[in-house]
Structure formats: C-alpha cells, structure tokens
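Dropping input-v2.txt in here (compact mmCIF, C-alpha atoms):
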# COMPACT_ATOMS: atom_id res chain seq x y z
CA GLU A 368 40.31 12.58 -12.12
CA ALA A 369 37.08 12.42 -10.16
CA GLY A 370 37.60 16.03 -9.07
CA THR A 371 38.07 17.29 -12.63
CA ALA A 372 35.14 15.31 -14.12
CA ASP A 373 31.94 16.95 -15.27
CA PRO A 374 29.41 17.03 -12.39
CA GLU A 375 26.56 16.10 -14.78
CA SER A 376 28.39 13.02 -16.01
CA VAL A 377 29.17 12.09 -12.40
CA SER A 378 25.48 12.34 -11.45
CA GLU A 379 24.45 10.27 -14.49
CA GLN A 380 27.08 7.67 -13.62
CA SER A 381 25.87 7.52 -10.01
CA LEU A 382 22.28 7.07 -11.18
CA ARG A 383 23.36 4.27 -13.53
CA GLU A 384 25.34 2.56 -10.78
CA ASN A 385 22.43 2.91 -8.41
CA TYR A 386 20.10 1.41 -11.05
CA LEU A 387 22.46 -1.53 -11.60
CA HIS A 388 22.84 -1.95 -7.87
CA HIS A 389 19.07 -2.15 -7.32
CA SER A 390 18.27 -4.17 -10.44
CA HIS A 391 18.36 -7.51 -8.61
CA TYR A 392 14.92 -7.99 -7.12
CA PRO A 393 12.76 -11.01 -6.49
CA VAL A 394 11.14 -12.40 -9.62
CA PHE A 395 7.62 -11.57 -8.45
CA VAL A 396 8.30 -7.81 -8.58
CA ARG A 397 7.50 -6.85 -12.18
CA GLN A 398 8.42 -3.55 -13.79
CA LYS A 399 7.15 -1.94 -16.97
CA ALA A 400 8.45 1.20 -18.68
CA TYR A 401 6.85 2.84 -21.73
CA MET A 402 7.61 5.93 -23.79
CA PHE A 403 4.71 7.61 -25.65
CA ASP A 404 5.35 10.12 -28.42
CA GLY A 405 1.94 11.84 -28.13
CA ASN A 406 0.85 10.78 -31.63
CA GLY A 407 -0.55 7.34 -30.78
CA ASN A 408 2.77 5.45 -30.82
CA TYR A 409 4.77 3.96 -27.97
CA TYR A 410 7.74 1.70 -27.32
CA ASN A 411 9.36 -0.02 -24.35
CA LYS A 412 12.22 1.81 -22.68
CA GLU A 413 14.77 1.29 -19.97
CA TRP A 414 13.92 1.77 -16.34
CA ASP A 415 15.72 5.07 -15.76
CA LEU A 416 12.77 7.13 -14.36
CA SER A 417 13.48 9.93 -16.83
CA GLN A 418 10.73 12.31 -17.96
CA GLY A 419 9.66 13.02 -21.50
CA ARG A 420 10.24 16.19 -23.47
CA GLY A 421 7.70 18.20 -25.40
CA LYS A 422 4.79 15.98 -26.37
CA GLU A 423 6.57 12.84 -25.19
CA PHE A 424 5.76 11.36 -21.79
CA CYS A 425 6.85 8.25 -19.88
CA TRP A 426 5.03 5.68 -17.79
CA TYR A 427 6.72 3.51 -15.15
CA HIS A 428 4.67 0.79 -13.49
CA VAL A 429 5.55 -1.58 -10.63
CA GLU A 430 3.55 -4.70 -9.71
CA LEU A 431 3.96 -5.54 -6.04
CA PRO A 432 3.82 -9.19 -4.92
CA LYS A 433 0.29 -10.42 -4.27
CA ASP A 434 1.24 -13.18 -1.82
CA TYR A 435 3.54 -11.06 0.34
CA GLU A 436 2.00 -9.45 3.41
CA LYS A 437 4.86 -7.43 4.94
CA LEU A 438 4.29 -3.81 4.05
CA THR A 439 7.77 -2.80 5.20
CA GLN A 440 9.41 -5.24 2.80
CA VAL A 441 7.23 -3.95 -0.05
CA ALA A 442 8.24 -0.40 0.83
CA GLN A 443 11.90 -1.50 0.78
CA TYR A 444 11.43 -2.86 -2.75
CA LEU A 445 9.93 0.43 -3.88
CA ILE A 446 12.73 2.40 -2.27
CA GLY A 447 15.25 0.26 -4.13
CA ILE A 448 13.40 0.70 -7.42
CA LEU A 449 12.34 4.37 -7.29
CA CYS A 450 15.02 6.05 -5.17
CA PRO A 451 16.57 8.16 -6.65
CA PRO A 452 15.23 10.38 -8.20
CA LEU A 453 12.16 10.09 -5.92
CA LYS A 454 12.46 10.98 -2.27
CA LEU A 455 11.40 8.84 0.63
CA GLN A 456 8.21 10.81 1.25
CA ASP A 457 7.22 10.35 -2.41
CA ILE A 458 7.64 6.59 -2.18
CA LEU A 459 5.85 6.22 1.15
CA SER A 460 2.91 8.22 -0.20
CA LEU A 461 2.46 5.54 -2.88
CA VAL A 462 2.65 2.45 -0.65
CA SER A 463 0.89 3.65 2.50
CA ASN A 464 -2.60 2.42 3.43
CA GLY A 465 -5.86 4.26 3.09
CA PRO A 466 -7.20 6.73 0.51
CA PHE A 467 -5.16 9.80 -0.40
CA CYS A 468 -5.11 12.54 -3.02
CA GLY A 469 -2.79 15.54 -2.85
CA ASN A 470 0.25 17.33 -4.17
CA VAL A 471 3.63 15.99 -3.05
CA ASP A 472 6.73 17.85 -4.24
CA GLY A 473 4.82 19.47 -7.10
CA ALA A 474 3.33 16.17 -8.37
CA LEU A 475 -0.23 14.87 -8.07
CA VAL A 476 -0.29 11.70 -5.95
CA PHE A 477 -3.41 9.60 -5.40
CA ARG A 478 -3.88 6.10 -4.00
CA VAL A 479 -6.65 3.66 -3.13
CA ASN A 480 -5.00 1.13 -0.82
CA SER A 481 -7.09 -1.18 1.36
CA PRO A 482 -5.47 -2.20 4.67
CA ARG A 483 -6.08 -5.92 4.25
CA PRO A 484 -3.81 -8.97 3.82
CA ALA A 485 -2.15 -8.77 0.44
CA SER A 486 -2.95 -12.41 -0.34
CA SER A 487 -6.71 -11.76 -0.28
CA LYS A 488 -8.42 -11.29 -3.63
CA PHE A 489 -10.46 -8.47 -2.08
CA THR A 490 -7.37 -6.40 -1.33
CA PHE A 491 -6.79 -3.67 -3.91
CA ARG A 492 -3.92 -1.23 -4.08
CA ILE A 493 -3.45 1.26 -6.87
CA ALA A 494 -1.38 4.41 -6.57
CA ALA A 495 0.07 6.90 -9.05
CA ARG A 496 2.37 9.91 -9.10
CA VAL A 497 1.47 12.19 -12.00
CA THR A 498 3.50 15.02 -13.48
CA GLU A 499 3.24 16.82 -16.80
CA ASN A 500 5.59 14.42 -18.63
CA SER A 501 5.68 11.24 -16.55
CA VAL A 502 3.49 8.86 -14.55
CA ILE A 503 4.74 6.41 -11.93
CA SER A 504 2.13 3.87 -10.81
CA VAL A 505 2.12 1.00 -8.31
CA SER A 506 -0.38 -1.86 -8.17
CA LEU A 507 -0.81 -4.96 -6.02
CA GLY A 508 -0.62 -7.93 -8.34
CA ARG A 509 -1.53 -7.83 -12.00
CA VAL A 510 -4.36 -5.53 -13.04
CA PRO A 511 -6.10 -6.78 -16.23
CA ARG A 512 -5.89 -4.57 -19.32
CA LEU A 513 -3.45 -2.18 -17.66
CA GLY A 514 -0.38 -2.68 -19.85
CA PHE A 515 0.14 -2.49 -23.60
CA SER A 516 1.31 -4.97 -26.22
CA PRO A 517 2.01 -4.49 -29.94
CA VAL A 518 -1.11 -4.52 -32.07
CA ASN A 519 0.48 -6.72 -34.73
CA GLU A 520 0.92 -9.48 -32.12
CA SER A 521 -2.74 -10.05 -31.34
CA LEU A 522 -3.31 -12.84 -28.83
CA LEU A 523 -6.70 -13.84 -30.25
CA SER A 524 -6.09 -13.84 -34.01
CA GLU A 525 -3.06 -16.18 -33.92
CA ILE A 526 -2.23 -19.43 -32.15
CA PRO A 527 -0.64 -18.59 -28.77
CA PHE A 528 2.02 -20.56 -26.94
CA VAL A 529 2.24 -20.25 -23.18
CA GLU A 530 5.59 -19.33 -21.69
CA SER A 531 5.94 -20.73 -18.19
CA SER A 532 8.89 -21.01 -15.86
CA GLY A 533 11.28 -23.81 -16.76
CA SER A 534 9.65 -24.69 -20.10
CA ARG A 535 10.80 -23.97 -23.64
CA VAL A 536 8.51 -23.41 -26.62
CA ASP A 537 9.37 -24.24 -30.21
CA LYS A 538 8.70 -21.03 -32.15
CA SER A 539 9.23 -22.66 -35.52
CA ARG A 540 5.62 -23.88 -35.57
CA GLY A 541 4.30 -20.34 -35.92
CA GLY A 542 2.08 -18.30 -33.66
CA ILE A 543 3.02 -15.93 -30.87
CA LEU A 544 4.37 -16.35 -27.36
CA ILE A 545 2.40 -15.09 -24.35
CA LYS A 546 2.98 -15.12 -20.64
CA GLU A 547 1.24 -17.63 -18.42
CA HIS A 548 -0.43 -14.97 -16.28
CA VAL A 549 -1.78 -13.32 -19.46
CA LEU A 550 -3.55 -16.55 -20.42
CA GLU A 551 -4.98 -16.88 -16.91
CA SER A 552 -6.31 -13.34 -17.18
CA LEU A 553 -7.91 -14.10 -20.56
CA LEU A 554 -9.62 -17.18 -19.09
CA THR A 555 -11.02 -15.42 -16.03
CA MET A 556 -11.73 -11.87 -17.20
CA ASN A 557 -14.26 -10.54 -19.68
CA HIS A 558 -12.17 -7.60 -20.84
CA PRO A 559 -10.33 -7.46 -24.18
CA GLU A 560 -6.66 -8.13 -24.46
CA GLU A 561 -3.95 -5.55 -23.98
CA ALA A 562 -3.49 -5.09 -27.73
CA ASP A 563 -6.99 -3.60 -27.94
CA ASN A 564 -6.19 -0.78 -25.53
CA PRO A 565 -6.11 2.64 -27.23
CA VAL A 566 -2.67 4.17 -26.90
CA PRO A 567 -2.85 7.39 -24.83
CA ARG A 568 -1.81 10.59 -26.53
CA SER A 569 -1.35 12.61 -23.35
CA VAL A 570 -0.77 12.18 -19.65
CA SER A 571 -4.45 12.85 -18.99
CA ASN A 572 -5.40 9.93 -21.26
CA LEU A 573 -3.00 7.72 -19.32
CA VAL A 574 -4.46 8.75 -15.94
CA VAL A 575 -7.97 7.96 -17.20
CA HIS A 576 -6.71 4.61 -18.48
CA ILE A 577 -5.21 3.68 -15.09
CA ILE A 578 -8.40 4.59 -13.20
CA ASP A 579 -10.55 2.85 -15.81
CA THR A 580 -8.67 -0.43 -15.46
CA HIS A 581 -9.00 -0.18 -11.67
CA VAL A 582 -12.77 0.19 -11.97
CA ASP A 583 -12.88 -2.71 -14.43
CA HIS A 584 -10.94 -4.84 -11.96
CA LEU A 585 -13.49 -4.10 -9.26
CA GLN A 586 -16.28 -4.91 -11.72
CA ASP A 587 -14.65 -8.26 -12.51
CA VAL A 588 -14.58 -9.23 -8.84
CA VAL A 589 -18.22 -8.22 -8.38
CA THR A 590 -19.22 -10.19 -11.49
CA SER A 591 -17.43 -13.31 -10.25
CA LEU A 592 -19.22 -12.97 -6.92
CA GLU A 593 -22.58 -12.71 -8.70
CA MET A 594 -21.83 -15.82 -10.77
CA GLU A 595 -20.81 -17.77 -7.67
CA LEU A 596 -23.95 -16.65 -5.87
CA ASP A 597 -26.16 -17.60 -8.83
CA THR A 598 -24.62 -21.09 -8.89
CA ILE A 599 -25.26 -21.58 -5.18
CA GLU A 600 -28.85 -20.39 -5.55
CA ILE A 601 -29.48 -22.89 -8.36
CA GLU A 602 -28.09 -25.71 -6.22
CA LEU A 603 -30.20 -24.63 -3.25
CA ASP A 604 -33.35 -24.56 -5.39
CA ARG A 605 -32.78 -28.23 -6.21
CA GLY A 606 -33.24 -29.00 -2.52
CA GLY A 607 -29.92 -30.56 -1.59
CA SER A 608 -29.72 -30.98 2.18
CA VAL A 609 -26.05 -31.99 1.97
CA LEU A 610 -25.20 -28.67 0.29
CA LYS A 611 -27.13 -26.75 2.94
CA LYS A 612 -25.26 -28.51 5.73
CA HIS A 613 -21.94 -27.83 3.99
CA LEU A 614 -22.76 -24.13 3.57
CA LEU A 615 -23.73 -23.85 7.23
CA VAL A 616 -20.67 -25.71 8.50
CA GLU A 617 -18.23 -23.81 6.29
CA ARG A 618 -19.95 -20.47 7.04
CA THR A 619 -19.88 -19.63 3.34
CA PHE A 620 -22.33 -16.74 3.37
CA PRO A 621 -20.95 -14.96 6.47
CA LYS A 622 -17.49 -15.10 4.89
CA MET A 623 -18.90 -13.86 1.60
CA HIS A 624 -20.67 -11.06 3.42
CA LEU A 625 -17.41 -10.08 5.12
CA ASP A 626 -15.61 -10.06 1.76
CA LEU A 627 -18.36 -7.86 0.36
CA GLN A 628 -17.86 -5.41 3.21
CA ARG A 629 -14.15 -5.27 2.40
CA LEU A 630 -14.94 -4.73 -1.26
CA LEU A 631 -17.45 -2.06 -0.32
CA GLN A 632 -14.72 -0.30 1.67
CA VAL A 633 -12.45 -0.24 -1.39
CA ILE A 634 -15.28 1.12 -3.53
CA ALA A 635 -16.01 3.77 -0.90
CA HIS A 636 -12.34 4.80 -0.94
CA SER A 637 -12.45 5.03 -4.74
CA GLU A 638 -15.60 7.11 -4.54
CA GLN A 639 -13.78 9.42 -2.15
CA VAL A 640 -10.49 9.74 -4.07
CA PHE A 641 -11.47 9.96 -7.74
CA PRO A 642 -13.67 13.09 -7.45
CA ARG A 643 -10.75 14.80 -5.72
CA VAL A 644 -8.47 13.68 -8.56
CA LYS A 645 -10.89 15.23 -11.04
CA GLU A 646 -11.04 18.44 -8.98
CA LYS A 647 -7.25 18.76 -8.79
CA CYS A 648 -6.73 17.85 -12.45
CA SER A 649 -9.23 20.48 -13.57
CA SER A 650 -6.75 23.16 -12.52
CA LYS A 651 -3.96 21.68 -14.67
CA ASP A 652 -3.57 23.18 -18.13
CA TRP A 653 -2.23 19.88 -19.55
CA PHE A 654 -5.36 17.95 -18.52
CA CYS A 655 -7.95 18.15 -21.32
CA GLN A 656 -11.70 18.56 -20.82
CA GLU A 657 -12.62 15.26 -22.47
CA ASP A 658 -10.61 13.35 -19.89
CA LEU A 659 -12.32 15.31 -17.10
CA ASN A 660 -15.66 14.15 -18.50
CA ALA A 661 -14.31 10.60 -18.63
CA LEU A 662 -13.32 10.86 -14.96
CA GLU A 663 -16.86 12.01 -14.14
CA GLU A 664 -18.26 8.94 -15.93
CA LEU A 665 -15.90 6.70 -13.96
CA VAL A 666 -17.11 8.24 -10.71
CA GLY A 667 -20.66 7.45 -11.83
CA ARG A 668 -19.62 3.83 -12.52
CA ILE A 669 -18.14 3.58 -9.05
CA ARG A 670 -21.41 4.75 -7.50
CA ARG A 671 -23.46 2.27 -9.54
CA LEU A 672 -21.03 -0.47 -8.58
CA LYS A 673 -21.52 0.45 -4.93
CA GLU A 674 -25.29 0.06 -5.34
CA ASN A 675 -24.79 -3.30 -7.03
CA VAL A 676 -22.64 -4.53 -4.15
CA GLY A 677 -25.42 -3.45 -1.78
CA PHE A 678 -27.91 -5.56 -3.76
CA ILE A 679 -25.59 -8.57 -3.57
CA ALA A 680 -25.26 -8.10 0.18
CA ASN A 681 -29.06 -8.12 0.49
CA ARG A 682 -29.25 -11.34 -1.54
CA ILE A 683 -26.66 -12.98 0.71
CA THR A 684 -28.60 -11.87 3.80
CA ALA A 685 -31.83 -13.33 2.39
CA ILE A 686 -30.19 -16.67 1.52
CA GLN A 687 -28.55 -16.87 4.94
CA ALA A 688 -31.92 -16.17 6.58
CA GLY A 689 -33.43 -19.04 4.57
CA LEU A 690 -30.64 -21.38 5.67
CA ASP A 691 -31.11 -20.32 9.29
CA GLY A 692 -34.84 -21.07 8.99
CA TRP A 693 -34.09 -24.49 7.50
CA GLN A 694 -31.63 -25.23 10.32
CA ALA A 695 -34.19 -24.15 12.94
CA GLU A 696 -36.77 -26.42 11.31
CA GLN A 697 -34.37 -29.36 11.45
CA ILE A 698 -33.68 -28.66 15.12
CA HIS A 699 -37.43 -28.51 15.87
CA LYS A 700 -37.97 -31.87 14.17
CA LYS A 701 -35.25 -33.47 16.27
CA LEU A 702 -36.68 -31.94 19.42
CA TYR A 703 -40.11 -33.29 18.45
CA TYR A 704 -38.71 -36.81 18.09
CA LEU A 705 -36.93 -36.45 21.41
CA SER A 706 -40.10 -35.25 23.13
CA PHE A 707 -42.03 -38.17 21.62
CA LEU A 708 -39.50 -40.61 23.05
CA SER A 709 -39.75 -38.92 26.43
CA ILE A 710 -43.56 -39.36 26.27
CA ILE A 711 -43.13 -43.08 25.59
CA PHE A 712 -40.91 -43.54 28.64
CA LEU A 713 -42.87 -41.18 30.87
CA PRO A 714 -45.27 -43.86 32.31
CA LEU A 715 -42.39 -46.19 33.06
CA SER A 716 -40.51 -43.45 34.87
CA VAL A 717 -43.61 -42.58 36.90
CA ILE A 718 -44.20 -46.22 37.87
CA THR A 719 -40.55 -46.81 38.77
CA GLY A 720 -40.67 -43.68 40.89
CA VAL A 721 -43.79 -44.90 42.70
CA PHE A 722 -42.56 -48.46 43.24
CA GLY A 723 -39.11 -47.28 44.20
CA MET A 724 -40.33 -45.40 47.27
CA ASN A 725 -38.81 -46.70 50.47
CA VAL A 726 -42.09 -47.04 52.36
CA GLY A 727 -44.26 -49.96 53.37
CA GLY A 728 -47.47 -51.03 51.69
CA VAL A 729 -46.27 -50.72 48.09
CA PRO A 730 -48.04 -53.50 46.15
CA TRP A 731 -46.13 -56.26 44.34
CA THR A 732 -42.89 -55.47 46.13
CA SER A 733 -42.81 -58.32 48.67
CA GLN A 734 -40.37 -61.01 47.56
CA ARG A 735 -41.51 -63.64 50.09
CA ASN A 736 -45.21 -63.59 49.22
CA LEU A 737 -45.99 -66.06 46.41
CA GLY A 738 -49.10 -64.06 45.42
CA THR A 739 -46.96 -61.24 44.07
CA SER A 740 -45.12 -63.35 41.49
CA ASP A 741 -46.97 -61.58 38.67
CA GLY A 742 -45.95 -58.12 39.85
CA PHE A 743 -43.64 -57.38 36.91
CA ARG A 744 -46.35 -58.35 34.43
CA ASN A 745 -48.85 -56.15 36.21
CA VAL A 746 -46.44 -53.21 36.17
CA MET A 747 -45.87 -53.63 32.41
CA ILE A 748 -49.60 -53.77 31.75
CA LEU A 749 -50.09 -50.66 33.85
CA SER A 750 -47.31 -48.86 31.93
CA ALA A 751 -48.84 -49.84 28.58
CA GLY A 752 -52.24 -48.62 29.73
CA MET A 753 -50.86 -45.27 30.84
CA LEU A 754 -48.96 -44.94 27.56
CA ALA A 755 -52.13 -45.66 25.59
CA VAL A 756 -54.00 -43.02 27.57
CA VAL A 757 -51.24 -40.46 26.93
CA LEU A 758 -51.17 -41.25 23.21
CA LEU A 759 -54.95 -41.04 22.95
CA CYS A 760 -54.80 -37.66 24.66
CA PHE A 761 -52.19 -36.46 22.13
CA ILE A 762 -54.22 -37.82 19.22
CA PHE A 763 -57.77 -36.84 20.18
CA PHE A 764 -57.22 -33.83 22.40
CA PRO A 765 -56.20 -31.41 19.57
CA ALA A 766 -59.23 -32.43 17.49
CA ALA A 767 -61.55 -32.14 20.49
CA TYR A 768 -60.06 -28.79 21.41
CA GLY A 769 -60.55 -27.53 17.84
CA ARG A 770 -64.20 -28.65 17.82
CA LEU A 771 -64.75 -26.97 21.16
CA VAL A 772 -63.29 -23.71 19.89
CA ASP A 773 -65.44 -23.91 16.73
CA TRP A 774 -68.57 -24.55 18.79
CA GLN A 775 -67.87 -21.57 21.05
CA GLN A 776 -67.26 -19.35 18.03
CA ARG A 777 -70.48 -20.44 16.33
CA LYS A 778 -72.38 -19.89 19.55
CA TYR A 779 -70.95 -16.37 19.85
CA LEU A 780 -71.82 -15.54 16.24
CA ARG A 781 -75.36 -16.94 16.66
CA ARG A 782 -75.91 -14.84 19.76
CA LYS A 783 -74.56 -11.73 18.04
CA TRP A 784 -76.73 -12.35 14.96
CA SER A 785 -79.82 -12.82 17.09
CA PHE A 786 -79.19 -9.55 18.93
CA SER A 787 -78.63 -7.67 15.67
CA TRP A 788 -81.78 -9.13 14.12
CA LYS A 789 -83.94 -8.16 17.10
CA SER A 790 -82.56 -4.61 17.02
CA PHE A 791 -83.13 -4.41 13.27
CA ALA A 792 -86.73 -5.64 13.58
CA ARG A 793 -87.49 -3.20 16.39
CA ARG A 794 -86.15 -0.22 14.44
CA ALA A 795 -87.96 -1.34 11.31
CA SER A 796 -91.24 -1.48 13.14
CA ILE A 797 -90.72 1.97 14.60
CA TYR A 798 -89.83 3.67 11.33
CA GLY A 799 -92.45 1.68 9.50
CA GLY A 800 -95.15 3.32 11.67
CA ASP A 801 -93.80 6.77 10.73
CA ASN A 802 -94.06 5.93 7.06
CA GLN A 803 -97.70 4.99 7.53
CA GLU A 804 -98.33 8.43 9.03
CA GLY A 805 -97.12 10.23 5.92
CA ARG A 806 -93.43 9.50 5.41
CA ASP A 807 -93.54 7.36 2.35
CA ASP A 808 -89.99 8.00 1.11
CA GLY A 809 -89.31 4.40 0.08
CA TYR A 810 -86.24 3.99 2.35
CA LEU A 811 -85.69 2.08 5.55
CA ARG A 812 -83.61 3.72 8.24
CA LEU A 813 -80.89 1.58 9.81
Translate the structure described by the file into structure tokens.
Amino acid sequence: EAGTADPESVSEQSLRENYLHHSHYPVFVRQKAYMFDGNGNYYNKEWDLSQGRGKEFCWYHVELPKDYEKLTQVAQYLIGILCPPLKLQDILSLVSNGPFCGNVDGALVFRVNSPRPASSKFTFRIAARVTENSVISVSLGRVPRLGFSPVNESLLSEIPFVESSGSRVDKSRGGILIKEHVLESLLTMNHPEEADNPVPRSVSNLVVHIIDTHVDHLQDVVTSLEMELDTIEIELDRGGSVLKKHLLVERTFPKMHLDLQRLLQVIAHSEQVFPRVKEKCSSKDWFCQEDLNALEELVGRIRRLKENVGFIANRITAIQAGLDGWQAEQIHKKLYYLSFLSIIFLPLSVITGVFGMNVGGVPWTSQRNLGTSDGFRNVMILSAGMLAVVLLCFIFFPAAYGRLVDWQQRKYLRRKWSFSWKSFARRASIYGGDNQEGRDDGYLRL
C-alpha cells in the first residue's frame, strides 16, 4: 500500500509526523505563527512552515530561552522546530554569532547576534529568513511589541487578569486574560501594547516591523541605563559617603561601562547589517519604496542611539573619575593622620635610639648610682620638649616661610619698579629737551 500511495500525500504525512515528533519542546521555547491576508487582517495558524499564496504571507517566530547559554542546544531546538522544510545551513545561519546579511538558498537572511552569555540583559539576538510569501524569525527572549493580539481584547481598556503557571483565574468576573510576561513588559517598557501594532499588509511591512521592534528594544535598555545613572547621580549629590564606598567596592561603574561596550557592539552590528538589508531589499520587486524609506529612518535611529550611548559612557567616566578623586582624598587624609602620629612618636624613638646605644658614658643609664634615679623623668621631659619644638616648627614654619616669600617678592617688585622709573625719567628728560628745541608735538616718547 505504501508503494501505491500518492507521493504528495506521503510527503505531507511525513511532514505531519515530523511535526508531531518535534512538537515536544521545553516550555521556555515559545512559538508563534500568523497568517496575513494582505488587507490588514490576520489570524493564528498551525506551525507547519507553509508559505502563503497570492497576497497572503505567513510569519513564524521562535523565542529562544534567555537563561540558557549552550548554543549547541539552542541550535538543536531550532533544528527540531524548523527542519524540514529548512536545511541545516539555513538554520545555522539564523543561530550563529556575529552580524550577517546575505542570500541563502534564494532567501534573504540577516542576523544581529552578539556573542555574549544568553542570560545577560545586554545580549541581543535577532535573525530572520525572508522570502516573498513567508518570514521566519528567531529572537533571544521576548522582544516587546513584536507579536500581535486582537484589537478587541485591549489590555489597557479592560481589567486584566494575570495568567501564571499553576494558578487559575475566574473569568466570570469579566475582563481579559493576559500572560504574566506581558504584564512584566507593560510595567518595564514604555512602548504600547501589542494590540496597537499596525497589521502589516506585505512582507516588507513585516520586515520593517521586526527591525523596528529590535531598535525599540535597544532604546529601552539605553533608557533604563540613563534612569539608573540619573538616580545614582542624585544620591551622589546628596553627599552619602556610604553610597560612594559601596559603589567603589562593588565596582558599579566599571561594570556599567563594560555593559555599555557590549551594548555598543550590538548597536555597531545593527548599523552594519541594516543598511545591507536595505540595499538587498531595494532589488526585490515585492519590497515597496515606503518601507525602504522606513529602513533608512531606522538606520538613522541606530546612529543616533550610538551617539547617545557614547554620551552615557562619557558620563560614567566622569562620575568614576570623581569617585577616584574622592577615594584618593580619603587616602591622603589617613596618611596625614598617620604621619602626624609618627611625628608625635619621633622624639621618643630618637631618645630610645640614643639611650639604647651599647657604649659607656650615656647619662642616666647607671642603675647603681643613686643620683640617676630621676632619669626616666628627665627623658620624658626631654621628649616633650623635642615634641613641642617639632610642633612649633610645623605650626610656625609655613607662616614664616610664606612671609619670607612675600617679602622677597615685594623686594623684587620694588627693585624692578625703581629701575623702570629711573629709565622713564631719563628718557623723559632727553625727549623733553628736544621738545624745547622746536618739537612741541604734545606727546611723550616711551
């Protein structure tokens, strides 16, 4: 029977079996599949990786685990999800590290993947495979405003109920049901909800939407960094020494500067990839001119975002320099106290060194002579006298030195003024005689 069956039905059955075989994945691997009719409408569809027909086009999106760092395991998940109909080289081009934009098996593939630990919030991975009637995209974690939800189920106009793992919600009270990660995104991001996203009418609109959400995600991270930096600056302006010590011990600003460098690398990769995407899409007849202009605006946003990250890095460097100066000042104060203590004990150390010499004739060292019974008292008085002399030198010597320098400077200026006045008087007398002889011009030569 298998030999007499239709080969097309056999291939469809094998694809269905393969889909059912690979449908059991960990819960943190999320999949989304949409079908767009090209007229502003869409609906959810099964994950069969089929392409649209005519004006219809499909979008398949995979969210890789954020807290999983093994790239080989992530690639294995993608192979199980996307193969077939994709080939191994198609899948590896989506999950590999580094920036890339090119044609793979007749499809446009671009990615901006940073080679950092996946658990870091400064690690971004977005990749897409674009054809005329389908888009397959892969992201690391949830990207805000990337998906779509029905407009009649607005999350902000009705009372939402959070759906979390292991909890049940009574829907009889009214309202709508939202995911827990959606509420977290609404609390942390400044972008509108998914229901406010305009539904794309073509594949080019969808590509612009994917890149736009990626740029918005980068902007969100930069904005959160600016808010955190502003809060720290306000606390530092209040003069809290405990906060300064904590920031120095925890190395907050060096770590923040390192995170900024990682973010700057992602932005640089985006600045490198997206112009190439625009260049390659300009040769496609199904990519409209308005979307090309939108890609150009997104490239401009990326460049402005790069400049903003540079400004934040300069602010962090300035604040770290101020903390280093404060730390150096604290160290100098402690060294000053230590040097003052060493000055106090300097006479005693000198006297103990003198009286500890193993030679004869040292006064007040004979234990058998009753006349030297007051030797300890005499040594203490001598130490106090030497200490008083040292302290008087430290107190009066700077003032005396300053007066001496001022006296020498006044003496130098007086001598210079006297020399200039004598020269001026001599020249005045000379040119004054010429004026008496007939040069009455009313001016005095200097």
Hey, can you check how far CA of His699 (chain A) sits from CA of His624 (chain A)?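 About the pair CA of His699 (chain A) and CA of His624 (chain A): they are 27.2 Å apart.
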Straight-line distance linking CA of Asn408 (chain A) with CA of Val566 (chain A), stated in Å to one decimal: 6.8 Å
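Between Cys655 (chain A) and the candidates A:Arg568, A:Asn500, A:Ile669, A:Ser750, the tightest atom-to-atom separation, counting all atoms listed in the file, involves A:Arg568.
Considering the residues A:Lys612, A:Arg397, A:Arg770, A:Arg671 and counting only C-alpha atoms, Leu690 (chain A) has its shortest atom-to-atom contact with A:Lys612.
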Please determine, counting only C-alpha atoms, which residue among A:Ile698, A:Ile748, A:Ile634, A:Trp693 has the shortest atom-to-atom distance to Gly607 (chain A). A:Trp693
Atomic distance CA of Gly606 (chain A) - CA of Glu696 (chain A), expressed in Å with one decimal: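 Going from CA of Gly606 (chain A) over to CA of Glu696 (chain A), I get 14.5 Å.
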From A:Arg512, A:Gly419, A:Glu600, A:Ser463, residue lying nearest Ala685 (chain A) [all atoms listed in the file]: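 Of A:Arg512, A:Gly419, A:Glu600, A:Ser463, the one nearest Ala685 (chain A) is A:Glu600, counting all atoms listed in the file.
Residue nearest Glu638 (chain A), chosen from A:Lys454, A:Val479, A:Cys425, A:Ser571 and counting only C-alpha atoms: A:Val479.
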List as an MDAnalysis selection string: which residues have an atom within 12 Å of (16.0, 4.7, -22.1), counting all atoms listed in the file? chainID A and resid 383 400:402 410:419 425:427
